Structure formats: C-alpha cells, structure tokens
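Q: File my_file_17.pdb follows (PDB, C-alpha atoms):
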```
MODEL        1
ATOM      1  CA  MET W   1      88.829  15.393 139.658
ATOM      2  CA  VAL W   2      86.269  17.550 141.403
ATOM      3  CA  GLU W   3      83.156  18.173 139.326
ATOM      4  CA  TRP W   4      81.687  21.681 139.424
ATOM      5  CA  THR W   5      78.270  22.741 138.272
ATOM      6  CA  ALA W   6      77.958  26.083 136.485
ATOM      7  CA  ALA W   7      76.143  27.431 139.533
ATOM      8  CA  GLU W   8      78.949  26.355 141.849
ATOM      9  CA  ARG W   9      81.545  28.054 139.669
ATOM     10  CA  ARG W  10      79.469  31.240 139.716
ATOM     11  CA  HIS W  11      79.067  31.070 143.486
ATOM     12  CA  VAL W  12      82.793  30.616 144.074
ATOM     13  CA  GLU W  13      83.636  33.487 141.728
ATOM     14  CA  ALA W  14      81.035  35.659 143.417
ATOM     15  CA  VAL W  15      82.535  35.042 146.852
ATOM     16  CA  TRP W  16      86.058  35.763 145.636
ATOM     17  CA  SER W  17      84.848  39.005 144.067
ATOM     18  CA  LYS W  18      83.792  40.159 147.545
ATOM     19  CA  ILE W  19      87.113  39.307 149.181
ATOM     20  CA  ASP W  20      89.801  41.923 149.619
ATOM     21  CA  ILE W  21      92.833  39.664 150.027
ATOM     22  CA  ASP W  22      94.826  42.365 151.820
ATOM     23  CA  VAL W  23      92.087  42.611 154.464
ATOM     24  CA  CYS W  24      90.740  39.081 154.714
ATOM     25  CA  GLY W  25      94.096  37.308 154.534
ATOM     26  CA  PRO W  26      95.451  38.885 157.713
ATOM     27  CA  LEU W  27      92.092  38.575 159.497
ATOM     28  CA  ALA W  28      91.838  34.873 158.706
ATOM     29  CA  LEU W  29      95.359  34.036 159.855
ATOM     30  CA  GLN W  30      95.060  36.168 163.005
ATOM     31  CA  ARG W  31      91.797  34.434 163.856
ATOM     32  CA  CYS W  32      93.337  31.021 163.260
ATOM     33  CA  LEU W  33      96.279  31.761 165.559
ATOM     34  CA  ILE W  34      93.899  32.991 168.271
ATOM     35  CA  VAL W  35      91.126  30.413 167.980
ATOM     36  CA  TYR W  36      93.489  27.468 167.452
ATOM     37  CA  PRO W  37      96.578  28.589 169.368
ATOM     38  CA  TRP W  38      98.532  25.419 168.618
ATOM     39  CA  THR W  39      98.825  26.678 165.045
ATOM     40  CA  GLN W  40     101.304  29.241 166.367
ATOM     41  CA  ARG W  41     103.892  26.494 166.386
ATOM     42  CA  TYR W  42     104.768  27.234 162.773
ATOM     43  CA  PHE W  43     105.463  30.890 163.305
ATOM     44  CA  GLY W  44     108.279  30.907 165.843
ATOM     45  CA  SER W  45     110.225  33.347 163.700
ATOM     46  CA  PHE W  46     107.350  35.836 163.506
ATOM     47  CA  GLY W  47     108.141  37.616 166.755
ATOM     48  CA  ASP W  48     105.594  38.382 169.432
ATOM     49  CA  LEU W  49     102.528  36.135 169.374
ATOM     50  CA  SER W  50     102.135  36.058 173.126
ATOM     51  CA  THR W  51      98.795  37.881 173.321
ATOM     52  CA  ASP W  52      95.809  38.337 171.058
ATOM     53  CA  ALA W  53      96.745  41.997 170.682
ATOM     54  CA  ALA W  54     100.294  41.037 169.701
ATOM     55  CA  ILE W  55      98.942  38.661 167.056
ATOM     56  CA  MET W  56      96.538  41.263 165.680
ATOM     57  CA  GLY W  57      99.316  43.844 165.463
ATOM     58  CA  ASN W  58     102.047  41.582 164.154
ATOM     59  CA  PRO W  59     103.125  42.705 160.668
ATOM     60  CA  LYS W  60     104.613  39.304 159.748
ATOM     61  CA  VAL W  61     101.315  37.622 160.537
ATOM     62  CA  ALA W  62      99.476  40.136 158.386
ATOM     63  CA  LYS W  63     101.910  39.688 155.507
ATOM     64  CA  HIS W  64     101.708  35.927 155.696
ATOM     65  CA  GLY W  65      97.930  36.080 155.797
ATOM     66  CA  VAL W  66      98.054  37.799 152.410
ATOM     67  CA  VAL W  67     100.454  35.149 151.069
ATOM     68  CA  ALA W  68      98.244  32.283 152.264
ATOM     69  CA  LEU W  69      95.018  33.768 150.931
ATOM     70  CA  THR W  70      96.649  34.570 147.593
ATOM     71  CA  GLY W  71      97.657  30.920 147.438
ATOM     72  CA  LEU W  72      94.087  29.843 148.183
ATOM     73  CA  ARG W  73      92.840  32.004 145.332
ATOM     74  CA  THR W  74      95.092  30.297 142.792
ATOM     75  CA  ALA W  75      92.635  27.442 142.386
ATOM     76  CA  LEU W  76      89.993  29.835 141.081
ATOM     77  CA  ASP W  77      91.804  29.967 137.744
ATOM     78  CA  HIS W  78      92.420  26.218 137.744
ATOM     79  CA  MET W  79      89.196  24.736 139.060
ATOM     80  CA  ASP W  80      89.498  21.662 136.834
ATOM     81  CA  GLU W  81      93.066  20.809 137.821
ATOM     82  CA  ILE W  82      93.287  21.723 141.484
ATOM     83  CA  LYS W  83      95.358  18.674 142.448
ATOM     84  CA  SER W  84      98.140  19.370 139.970
ATOM     85  CA  THR W  85      98.009  23.105 140.633
ATOM     86  CA  TYR W  86      98.928  22.576 144.282
ATOM     87  CA  ALA W  87     101.307  19.625 143.883
ATOM     88  CA  ALA W  88     104.439  21.702 144.374
ATOM     89  CA  LEU W  89     102.942  23.651 147.281
ATOM     90  CA  SER W  90     101.909  20.387 148.871
ATOM     91  CA  VAL W  91     105.465  19.094 148.678
ATOM     92  CA  LEU W  92     106.735  22.376 150.129
ATOM     93  CA  HIS W  93     104.345  22.248 153.104
ATOM     94  CA  SER W  94     105.178  18.616 153.733
ATOM     95  CA  GLU W  95     108.912  18.361 153.134
ATOM     96  CA  LYS W  96     110.161  21.814 153.997
ATOM     97  CA  LEU W  97     107.616  23.468 156.280
ATOM     98  CA  HIS W  98     106.417  20.274 158.014
ATOM     99  CA  VAL W  99     102.907  21.606 158.525
ATOM    100  CA  ASP W 100     100.287  19.191 159.830
ATOM    101  CA  PRO W 101      97.711  19.281 156.997
ATOM    102  CA  ASP W 102      94.889  19.520 159.523
ATOM    103  CA  ASN W 103      95.977  23.130 159.905
ATOM    104  CA  PHE W 104      94.891  23.916 156.351
ATOM    105  CA  ARG W 105      91.369  22.966 157.357
ATOM    106  CA  LEU W 106      91.539  25.142 160.476
ATOM    107  CA  LEU W 107      92.699  28.170 158.489
ATOM    108  CA  CYS W 108      89.918  27.606 155.962
ATOM    109  CA  GLU W 109      87.304  27.422 158.733
ATOM    110  CA  CYS W 110      88.502  30.762 160.041
ATOM    111  CA  LEU W 111      88.528  32.172 156.513
ATOM    112  CA  THR W 112      84.913  31.114 155.991
ATOM    113  CA  ILE W 113      83.951  32.866 159.205
ATOM    114  CA  VAL W 114      85.788  36.040 158.155
ATOM    115  CA  VAL W 115      84.085  35.919 154.746
ATOM    116  CA  ALA W 116      80.723  35.405 156.432
ATOM    117  CA  GLY W 117      81.394  38.461 158.575
ATOM    118  CA  LYS W 118      82.139  40.542 155.485
ATOM    119  CA  MET W 119      79.276  39.292 153.335
ATOM    120  CA  GLY W 120      76.518  38.854 155.887
ATOM    121  CA  LYS W 121      73.372  37.315 154.450
ATOM    122  CA  LYS W 122      74.701  37.872 150.903
ATOM    123  CA  LEU W 123      76.544  34.615 151.539
ATOM    124  CA  SER W 124      73.571  32.381 150.795
ATOM    125  CA  PRO W 125      73.495  28.741 151.951
ATOM    126  CA  GLU W 126      74.164  27.647 148.351
ATOM    127  CA  MET W 127      77.121  30.010 148.060
ATOM    128  CA  GLN W 128      78.494  28.792 151.367
ATOM    129  CA  ALA W 129      78.196  25.199 150.147
ATOM    130  CA  ALA W 130      80.099  25.932 146.923
ATOM    131  CA  TRP W 131      82.694  28.009 148.782
ATOM    132  CA  GLN W 132      83.351  25.268 151.323
ATOM    133  CA  LYS W 133      83.536  22.678 148.548
ATOM    134  CA  TYR W 134      86.197  24.852 146.882
ATOM    135  CA  LEU W 135      88.218  25.200 150.088
ATOM    136  CA  CYS W 136      87.827  21.484 150.729
ATOM    137  CA  ALA W 137      89.275  20.684 147.301
ATOM    138  CA  VAL W 138      92.239  23.003 147.892
ATOM    139  CA  VAL W 139      92.854  21.579 151.371
ATOM    140  CA  SER W 140      92.736  18.095 149.941
ATOM    141  CA  ALA W 141      95.211  19.006 147.178
ATOM    142  CA  LEU W 142      97.570  20.615 149.686
ATOM    143  CA  GLY W 143      97.600  17.438 151.741
ATOM    144  CA  ARG W 144      98.018  15.163 148.766
ATOM    145  CA  GLN W 145     101.808  14.898 148.573
ATOM    146  CA  TYR W 146     102.346  14.091 152.224
ATOM    147  CA  HIS W 147     103.790  10.676 152.872
TER
ATOM    148  CA  MET B   1      84.442  21.929 156.191
ATOM    149  CA  ASN B   2      82.633  19.340 154.207
ATOM    150  CA  ASP B   3      82.809  16.014 155.876
ATOM    151  CA  ASP B   4      82.195  14.274 152.570
ATOM    152  CA  CYS B   5      84.487  16.351 150.412
ATOM    153  CA  ASN B   6      83.524  15.763 146.832
ATOM    154  CA  ASP B   7      80.192  13.986 147.282
ATOM    155  CA  GLY B   8      81.613  10.976 145.524
ATOM    156  CA  ASP B   9      82.569  12.900 142.382
ATOM    157  CA  ASP B  10      86.198  11.861 142.610
ATOM    158  CA  ASP B  11      85.253   8.211 142.523
ATOM    159  CA  ALA B  12      83.557   8.652 139.176
ATOM    160  CA  ASP B  13      86.711   9.780 137.407
ATOM    161  CA  ASP B  14      88.244   6.670 135.899
ATOM    162  CA  ASP B  15      91.066   8.486 134.203
ATOM    163  CA  ASP B  16      92.559   9.598 137.456
ATOM    164  CA  ASP B  17      95.234   7.110 138.363
ATOM    165  CA  ASP B  18      95.811   8.586 141.783
ATOM    166  CA  ASP B  19      94.270   6.967 144.800
ATOM    167  CA  ASP B  20      91.396   9.299 145.537
ATOM    168  CA  ASP B  21      90.049   7.440 148.506
ATOM    169  CA  ASP B  22      91.997   9.442 151.016
ATOM    170  CA  ASP B  23      90.993  12.820 149.553
ATOM    171  CA  ASP B  24      88.033  13.014 151.887
ATOM    172  CA  ASP B  25      90.059  12.662 155.069
ATOM    173  CA  ASN B  26      91.598  16.110 154.917
ATOM    174  CA  CYS B  27      88.219  17.787 155.064
ATOM    175  CA  SER B  28      86.794  15.808 157.925
ATOM    176  CA  LEU B  29      85.483  18.264 160.483
ATOM    177  CA  GLU B  30      85.068  15.804 163.306
ATOM    178  CA  SER B  31      88.837  15.331 163.632
ATOM    179  CA  ASN B  32      89.728  14.840 167.262
ATOM    180  CA  TYR B  33      87.642  17.585 168.779
ATOM    181  CA  LEU B  34      84.936  15.378 170.166
ATOM    182  CA  ASN B  35      87.507  13.411 172.122
ATOM    183  CA  VAL B  36      89.545  16.295 173.443
ATOM    184  CA  ASN B  37      88.208  18.059 176.512
ATOM    185  CA  MET B  38      89.150  21.754 176.368
ATOM    186  CA  SER B  39      87.319  23.247 179.336
ATOM    187  CA  LEU B  40      86.154  26.831 179.413
ATOM    188  CA  SER B  41      87.831  29.312 181.708
ATOM    189  CA  SER B  42      85.526  31.468 183.807
ATOM    190  CA  LYS B  43      86.382  34.408 181.543
ATOM    191  CA  GLN B  44      85.318  32.390 178.505
ATOM    192  CA  LYS B  45      82.076  31.356 180.214
ATOM    193  CA  ALA B  46      81.357  35.035 180.846
ATOM    194  CA  THR B  47      82.193  35.825 177.204
ATOM    195  CA  VAL B  48      79.754  33.141 176.035
ATOM    196  CA  LYS B  49      76.955  34.386 178.299
ATOM    197  CA  ASP B  50      77.549  37.965 177.253
ATOM    198  CA  PHE B  51      77.554  37.217 173.525
ATOM    199  CA  PHE B  52      74.490  34.991 173.709
ATOM    200  CA  SER B  53      72.707  37.723 175.588
ATOM    201  CA  LYS B  54      73.589  40.217 172.817
ATOM    202  CA  MET B  55      72.452  37.669 170.246
ATOM    203  CA  SER B  56      69.102  36.940 171.841
ATOM    204  CA  THR B  57      67.020  39.267 169.634
ATOM    205  CA  ARG B  58      68.309  37.411 166.562
ATOM    206  CA  SER B  59      68.567  33.912 168.021
ATOM    207  CA  ASP B  60      65.619  32.515 166.040
ATOM    208  CA  ASP B  61      67.107  33.817 162.810
ATOM    209  CA  ILE B  62      70.525  32.387 163.628
ATOM    210  CA  GLY B  63      69.043  29.006 164.536
ATOM    211  CA  ALA B  64      66.950  28.867 161.364
ATOM    212  CA  GLU B  65      69.851  29.988 159.168
ATOM    213  CA  ALA B  66      72.287  27.594 160.807
ATOM    214  CA  LEU B  67      70.166  24.534 160.127
ATOM    215  CA  SER B  68      69.494  25.730 156.564
ATOM    216  CA  ARG B  69      73.212  25.949 156.029
ATOM    217  CA  LEU B  70      73.785  22.539 157.578
ATOM    218  CA  VAL B  71      71.537  20.853 155.023
ATOM    219  CA  ALA B  72      72.931  22.988 152.188
ATOM    220  CA  VAL B  73      76.629  22.530 152.928
ATOM    221  CA  TYR B  74      76.421  18.969 154.284
ATOM    222  CA  PRO B  75      73.554  17.387 152.338
ATOM    223  CA  GLN B  76      74.071  14.045 154.051
ATOM    224  CA  THR B  77      72.515  15.591 157.179
ATOM    225  CA  LYS B  78      69.156  15.611 155.395
ATOM    226  CA  SER B  79      69.079  11.876 156.102
ATOM    227  CA  TYR B  80      67.797  12.733 159.564
ATOM    228  CA  PHE B  81      64.849  14.638 158.137
ATOM    229  CA  SER B  82      63.447  12.153 155.649
ATOM    230  CA  HIS B  83      60.108  12.418 157.455
ATOM    231  CA  TRP B  84      59.717  16.048 156.372
ATOM    232  CA  LYS B  85      58.042  16.984 153.124
ATOM    233  CA  ASP B  86      60.747  19.518 152.435
ATOM    234  CA  ALA B  87      64.200  19.451 154.011
ATOM    235  CA  SER B  88      65.755  22.045 151.719
ATOM    236  CA  PRO B  89      67.564  25.134 153.011
ATOM    237  CA  GLY B  90      65.100  27.816 154.075
ATOM    238  CA  SER B  91      62.086  25.514 154.114
ATOM    239  CA  ALA B  92      59.550  25.912 156.895
ATOM    240  CA  PRO B  93      60.338  22.655 158.745
ATOM    241  CA  VAL B  94      64.077  23.379 158.574
ATOM    242  CA  ARG B  95      63.664  26.919 159.913
ATOM    243  CA  LYS B  96      61.306  25.771 162.652
ATOM    244  CA  HIS B  97      63.616  23.012 163.763
ATOM    245  CA  GLY B  98      66.615  25.333 163.672
ATOM    246  CA  ILE B  99      64.774  27.588 166.109
ATOM    247  CA  THR B 100      64.062  24.608 168.370
ATOM    248  CA  ILE B 101      67.717  23.600 168.382
ATOM    249  CA  MET B 102      68.838  27.146 169.125
ATOM    250  CA  GLY B 103      66.447  27.165 172.051
ATOM    251  CA  GLY B 104      68.254  24.111 173.361
ATOM    252  CA  VAL B 105      71.614  25.827 172.928
ATOM    253  CA  TYR B 106      70.379  28.842 174.897
ATOM    254  CA  ASP B 107      69.151  26.501 177.590
ATOM    255  CA  ALA B 108      72.629  24.991 177.708
ATOM    256  CA  VAL B 109      74.196  28.440 178.207
ATOM    257  CA  GLY B 110      72.242  28.604 181.431
ATOM    258  CA  LYS B 111      73.760  25.258 182.426
ATOM    259  CA  ILE B 112      77.268  26.151 181.392
ATOM    260  CA  ASP B 113      78.743  25.214 184.755
ATOM    261  CA  ASP B 114      77.499  21.639 184.499
ATOM    262  CA  LEU B 115      76.672  20.754 180.934
ATOM    263  CA  LYS B 116      76.874  16.980 181.445
ATOM    264  CA  GLY B 117      74.478  17.048 184.379
ATOM    265  CA  GLY B 118      72.195  19.665 182.892
ATOM    266  CA  LEU B 119      71.878  17.945 179.507
ATOM    267  CA  LEU B 120      71.403  14.379 180.758
ATOM    268  CA  SER B 121      67.886  13.902 179.438
ATOM    269  CA  LEU B 122      68.684  15.637 176.135
ATOM    270  CA  SER B 123      71.631  13.304 175.802
ATOM    271  CA  GLU B 124      69.384  10.313 176.393
ATOM    272  CA  LEU B 125      66.986  11.620 173.763
ATOM    273  CA  HIS B 126      69.773  11.965 171.195
ATOM    274  CA  ALA B 127      71.392   8.670 172.129
ATOM    275  CA  PHE B 128      68.408   6.363 172.295
ATOM    276  CA  MET B 129      65.701   7.996 170.245
ATOM    277  CA  LEU B 130      67.168  10.366 167.686
ATOM    278  CA  ARG B 131      70.493   8.549 167.330
ATOM    279  CA  VAL B 132      72.140  11.453 165.568
ATOM    280  CA  ASP B 133      75.746  10.608 164.774
ATOM    281  CA  PRO B 134      77.739  12.973 167.015
ATOM    282  CA  VAL B 135      79.918  14.031 164.090
ATOM    283  CA  ASN B 136      76.972  16.172 163.028
ATOM    284  CA  PHE B 137      77.115  18.274 166.197
ATOM    285  CA  LYS B 138      80.426  19.662 164.982
ATOM    286  CA  LEU B 139      79.016  20.355 161.526
ATOM    287  CA  LEU B 140      76.075  22.269 162.994
ATOM    288  CA  ALA B 141      78.366  24.136 165.387
ATOM    289  CA  HIS B 142      80.407  25.334 162.405
ATOM    290  CA  CYS B 143      77.245  26.560 160.685
ATOM    291  CA  MET B 144      76.203  28.363 163.865
ATOM    292  CA  LEU B 145      79.571  30.109 164.038
ATOM    293  CA  VAL B 146      79.220  31.195 160.412
ATOM    294  CA  CYS B 147      75.758  32.635 161.131
ATOM    295  CA  MET B 148      76.944  34.422 164.256
ATOM    296  CA  SER B 149      79.731  35.996 162.218
ATOM    297  CA  MET B 150      77.276  36.944 159.457
ATOM    298  CA  ILE B 151      74.768  38.578 161.753
ATOM    299  CA  PHE B 152      77.132  40.029 164.373
ATOM    300  CA  PRO B 153      80.333  40.734 162.420
ATOM    301  CA  GLU B 154      81.625  43.348 164.881
ATOM    302  CA  GLU B 155      80.820  41.415 168.040
ATOM    303  CA  PHE B 156      82.020  38.015 166.820
ATOM    304  CA  THR B 157      85.660  38.792 167.512
ATOM    305  CA  PRO B 158      88.340  36.072 167.604
ATOM    306  CA  GLN B 159      88.018  36.084 171.404
ATOM    307  CA  VAL B 160      84.267  35.495 171.238
ATOM    308  CA  HIS B 161      84.814  32.938 168.459
ATOM    309  CA  VAL B 162      87.163  30.781 170.518
ATOM    310  CA  ALA B 163      84.929  30.889 173.595
ATOM    311  CA  VAL B 164      81.773  30.005 171.666
ATOM    312  CA  ASP B 165      83.600  27.316 169.673
ATOM    313  CA  LYS B 166      84.774  25.703 172.904
ATOM    314  CA  PHE B 167      81.302  25.994 174.424
ATOM    315  CA  LEU B 168      79.648  24.311 171.446
ATOM    316  CA  ALA B 169      82.274  21.561 171.562
ATOM    317  CA  GLN B 170      81.564  21.011 175.258
ATOM    318  CA  LEU B 171      77.855  21.018 174.493
ATOM    319  CA  ALA B 172      78.404  18.355 171.837
ATOM    320  CA  LEU B 173      80.367  16.254 174.308
ATOM    321  CA  ALA B 174      77.590  16.534 176.870
ATOM    322  CA  LEU B 175      74.996  15.552 174.265
ATOM    323  CA  ALA B 176      77.055  12.522 173.269
ATOM    324  CA  GLU B 177      77.554  11.467 176.907
ATOM    325  CA  LYS B 178      74.889   8.765 176.937
ATOM    326  CA  TYR B 179      75.640   7.325 173.517
ATOM    327  CA  ARG B 180      77.586   4.353 174.766
TER
ENDMDL
END
```
Would you write the structure of this file as structure tokens?
A:
Amino acid sequence: MVEWTAAERRHVEAVWSKIDIDVCGPLALQRCLIVYPWTQRYFGSFGDLSTDAAIMGNPKVAKHGVVALTGLRTALDHMDEIKSTYAALSVLHSEKLHVDPDNFRLLCECLTIVVAGKMGKKLSPEMQAAWQKYLCAVVSALGRQYH
Amino acid sequence: MNDDCNDGDDDADDDDDDDDDDDDDNCSLESNYLNVNMSLSSKQKATVKDFFSKMSTRSDDIGAEALSRLVAVYPQTKSYFSHWKDASPGSAPVRKHGITIMGGVYDAVGKIDDLKGGLLSLSELHAFMLRVDPVNFKLLAHCMLVCMSMIFPEEFTPQVHVAVDKFLAQLALALAEKYR
C-alpha cells in the first residue's frame, strides 16, 4: 500500500481543486495524441486524427479526455486502497481494450504539463512531487492486472 | 513520472500478499526513449530555436526551478549532490547549478544540427568525471518541460512540447555518447 503523509494528501487535494476536468481532460488527451502520436492507435474509431488541428477539434477526443481524467480522480477518494479501486479498470484496459500500460504513464506526463500550465508557480516542487506520486500510484494500479 | 514509485513504502507493508516488486516498473520514465533515435525535422528544429529564444529572459528561472523540482520529485537524484551543504529544492546551490545546466542546454540549441559532435567534451565530462546515470537526463528533461509549461503556458503548445521533448531526448543521447 502506498503511504501518504498528511502534507502529501493536502498537496494532492490542492492540485485537484485547481483542475477543471472538462478543460484539463481534453487538453491532456489531445497533448498526448500529438506529443506521442503512437498513442493514436487506440482511437481508430474516433474519426479524424490526421492533423494536430483535427485532434484538437475532435469531439470524441475531448469527451474521452473527460472520461479518462474523471477516472484518474477516483483515487482521490480512495487514497489508501488505490490498487483495489482500479482492479476492474485494470482488467478492462488489459483484456478488452488491450492498451499498453506504458501509455498510462504518457498520458499522466501530459496531464502534469497541462496542470503546470494552469497553475504556474502555484504548483510548488513539493506539490509536484505529491501529484506525481499520486499519478504513479494510479498508473501502477492500472497496470497491475495485466498478465 | 517517479522512477522509484513509492520510495520503498510498498515493501514495508507485510499484510499485502500481492507481489509489489513490479509496481515500480510502470512508472519508470527512462523506458525506451534513450535507445530510440527520433530525429528532429527542420521544422521542429526551428520550433525549438524559436521557443528557446522566447524563453531566454526567463531561462535562469526555468533552469533553477527545473533542478529544484528534480530533487523534490526524484529525491534519489540528490545522491549526486552530497558534496553540497544543502541540496533541497530552492536552495542556493541547487538554483545556481540549475542555471549552469540551462546554460548548457542553450549552448546545445546552437549546436542542434550536430549534437553528438558539438557535445563531445560535455559527454566526456559526464561519462568519465561526473558519471551521472543517463536515466536522470530524462527525469530532468521532464522537469524542464513542466517549468516551461508553468512559465510559458500559452507558448508551450503541444507542437512546441513535442519538438522540445525530442530535442532534450537527442541532447541526452549526445551526452550519453561517450559512456561506453
């Protein structure tokens, strides 16, 4: 189980309080698809992803960005049982969606950069550390059920 | 992402009957990037030069912040700075060294057409004297990207992000050239 200090919990909550999921979700997924174009492989049914502009304007991408970020937020209410919280989602991503778990890490990197853009210097080094630890725990849990 | 996910916390939990040893692997930043050569197009080189030029008034701040974040988010990197009185985020030696590193990165922008050739002596320094594990180049690059996004949120578009990310990866490769 991941151990959290009181300060880390506060930092993670503080970051989430600054995130508008409807804005940051789409931005993070769009950025991921642009910066790591091989991630587009999972979105063949999403329509036009052929240019950066197409990705930025694609409504399915935007909608899925919200879904993904909402899923990432789930752990906030279950910080002491992250593994079990994501067990079913891990199975889904492995057995049904066949997503290479490295992609979770790529999306989270892009999310951190989007969050940094929104928060500026308010994202202190200590907050960034706690935030990345949180994302790391979620990424780990999502990859757990792969076999 | 944190290279050492839970800082060993998972190992301390005896009640957990799952095998926790492979938890860390999913967060490893080094992945395959250091071994995969994704060259910059001429458009991306121009994007990098343009953004770095825009950034130049804040480059010291970005360098100082980036190294502060490296030691905060990846505390194992402090192992390279055991000779400093204070290697905590925001400390004077950390900020000063961050500025030095950023200076090196700017220098590399000027050598973007031949990073391996241009960074030969820096590579020798890192390989034979400093012996910094190259995995840390990727960790610092991530922190630099975060700082660029923080300080230039409008300019650090996905297009700039991918170009700078590739550049920093190429820079890391060039620095690691002489390692073995």
Q: Closest to Ala62 of chain W among W:Leu33, W:Ala88, W:Val12, W:Leu97, using all atoms listed in the file?
A: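 Looking at the shortest contact to Ala62 of chain W, the residue is W:Leu33.
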Q: If you count only C-alpha atoms, which residues fall within 9 Å of Ile113 of chain W, apart from same-chain ones fewer than 4 positions away, as a VMD selection string?
A: (chain W and resid 28 108 to 109 117 to 118) or (chain B and resid 142 145 to 150)
Q: Tell me, as a compact mmCIF listing (two decimals) with C-alpha atoms, keeping the file's coordinate frame, which residues lie within 12 Å of Phe51 of chain B, counting only C-alpha atoms; anything in the same chain fewer than 4 positions away does not count.
A:
```txt
# COMPACT_ATOMS: atom_id res chain seq x y z
CA GLN B 44 85.32 32.39 178.50
CA LYS B 45 82.08 31.36 180.21
CA ALA B 46 81.36 35.03 180.85
CA THR B 47 82.19 35.83 177.20
CA MET B 55 72.45 37.67 170.25
CA SER B 56 69.10 36.94 171.84
CA THR B 57 67.02 39.27 169.63
CA ARG B 58 68.31 37.41 166.56
CA SER B 59 68.57 33.91 168.02
CA TYR B 106 70.38 28.84 174.90
CA VAL B 109 74.20 28.44 178.21
CA MET B 148 76.94 34.42 164.26
CA SER B 149 79.73 36.00 162.22
CA PHE B 152 77.13 40.03 164.37
CA PRO B 153 80.33 40.73 162.42
CA GLU B 154 81.62 43.35 164.88
CA GLU B 155 80.82 41.42 168.04
CA PHE B 156 82.02 38.02 166.82
CA THR B 157 85.66 38.79 167.51
CA GLN B 159 88.02 36.08 171.40
CA VAL B 160 84.27 35.49 171.24
CA HIS B 161 84.81 32.94 168.46
CA VAL B 162 87.16 30.78 170.52
CA ALA B 163 84.93 30.89 173.60
CA VAL B 164 81.77 30.00 171.67
CA PHE B 167 81.30 25.99 174.42
```
Q: Using all atoms listed in the file, which residues of chain W come within 8 Å of chain B, and what is the closest atom pair for each, with the distance in Å to one decimal? Give it as CSV, sorted by chain and residue number.
A:
```
residue,atom,partner,partner_atom,distance
W:Met1,CA,B:Asp10,CA,5.3
W:Val2,CA,B:Asp10,CA,5.8
W:Glu3,CA,B:Asp9,CA,6.1
W:Arg31,CA,B:Pro158,CA,5.4
W:Ile34,CA,B:Pro158,CA,6.4
W:Val35,CA,B:Val162,CA,4.7
W:Tyr36,CA,B:Val162,CA,7.8
W:Pro101,CA,B:Asn26,CA,7.2
W:Asp102,CA,B:Asn26,CA,6.6
W:Arg105,CA,B:Cys27,CA,6.5
W:Cys108,CA,B:Met1,CA,7.9
W:Glu109,CA,B:Met1,CA,6.7
W:Thr112,CA,B:Val146,CA,7.2
W:Ile113,CA,B:Val146,CA,5.2
W:Val114,CA,B:Ser149,CA,7.3
W:Ala116,CA,B:Met150,CA,4.8
W:Gly117,CA,B:Met150,CA,4.5
W:Lys118,CA,B:Pro153,CA,7.2
W:Met119,CA,B:Met150,CA,6.9
W:Gly120,CA,B:Met150,CA,4.1
W:Lys121,CA,B:Met150,CA,6.4
W:Pro125,CA,B:Arg69,CA,5.0
W:Glu126,CA,B:Ala72,CA,6.2
W:Gln128,CA,B:Val73,CA,6.7
W:Ala129,CA,B:Val73,CA,4.2
W:Ala130,CA,B:Val73,CA,7.7
W:Gln132,CA,B:Met1,CA,6.0
W:Lys133,CA,B:Asn2,CA,6.6
W:Leu135,CA,B:Met1,CA,7.9
W:Cys136,CA,B:Cys27,CA,5.7
W:Ala137,CA,B:Cys5,CA,7.2
W:Val139,CA,B:Asn26,CA,6.6
W:Ser140,CA,B:Asn26,CA,5.5
W:Ala141,CA,B:Asp23,CA,7.9
W:Gly143,CA,B:Asn26,CA,6.9
W:Arg144,CA,B:Asp23,CA,7.4
```
Q: Quick one: distance from atom CA of Glu8 of chain W to atom CA of Val138 of chain W in Å, one decimal?
A: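 Going from atom CA of Glu8 of chain W over to atom CA of Val138 of chain W, I get 15.0 Å.
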Q: For a test of reading the model, state the distance in Å between atom CA of Val105 of chain B and atom CA of Pro134 of chain B, rounded to one decimal.
A: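 These two atoms are separated by 15.4 Å.
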Q: Rounded to one decimal in Å, what is the spacing between atom CA of Gly110 of chain B and atom CA of Leu106 of chain W?
A: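 Separating atom CA of Gly110 of chain B from atom CA of Leu106 of chain W is a distance of 28.7 Å.
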Q: Could you pull the residues within 12 Å of Gly57 of chain W, counting all atoms listed in the file, minus those fewer than 4 positions along the same chain, as a PyMOL selection string?
A: chain W and resi 26-27+29-30+46-53+61-63
Q: Mind checking which residues fall within 10 Å of Val132 of chain B, counting only C-alpha atoms, ignoring those fewer than 3 positions away in the same chain, and posting them as a list of chain:residue names?
A: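 Listing them by chain and then by number gives B:Thr77, B:Ser79, B:Tyr80, B:Leu125, B:His126, B:Ala127, B:Phe128, B:Met129, B:Val135, B:Asn136, B:Phe137, B:Ala176, B:Tyr179.
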Q: Please, could you write that set of residues out with C-alpha atoms as a PDB file, keeping the file's coordinate frame?
A:
```pdb
ATOM      1  CA  THR B  77      72.515  15.591 157.179  1.00  0.00           C
ATOM      2  CA  SER B  79      69.079  11.876 156.102  1.00  0.00           C
ATOM      3  CA  TYR B  80      67.797  12.733 159.564  1.00  0.00           C
ATOM      4  CA  LEU B 125      66.986  11.620 173.763  1.00  0.00           C
ATOM      5  CA  HIS B 126      69.773  11.965 171.195  1.00  0.00           C
ATOM      6  CA  ALA B 127      71.392   8.670 172.129  1.00  0.00           C
ATOM      7  CA  PHE B 128      68.408   6.363 172.295  1.00  0.00           C
ATOM      8  CA  MET B 129      65.701   7.996 170.245  1.00  0.00           C
ATOM      9  CA  VAL B 135      79.918  14.031 164.090  1.00  0.00           C
ATOM     10  CA  ASN B 136      76.972  16.172 163.028  1.00  0.00           C
ATOM     11  CA  PHE B 137      77.115  18.274 166.197  1.00  0.00           C
ATOM     12  CA  ALA B 176      77.055  12.522 173.269  1.00  0.00           C
ATOM     13  CA  TYR B 179      75.640   7.325 173.517  1.00  0.00           C
TER      14      TYR B 179
END
```
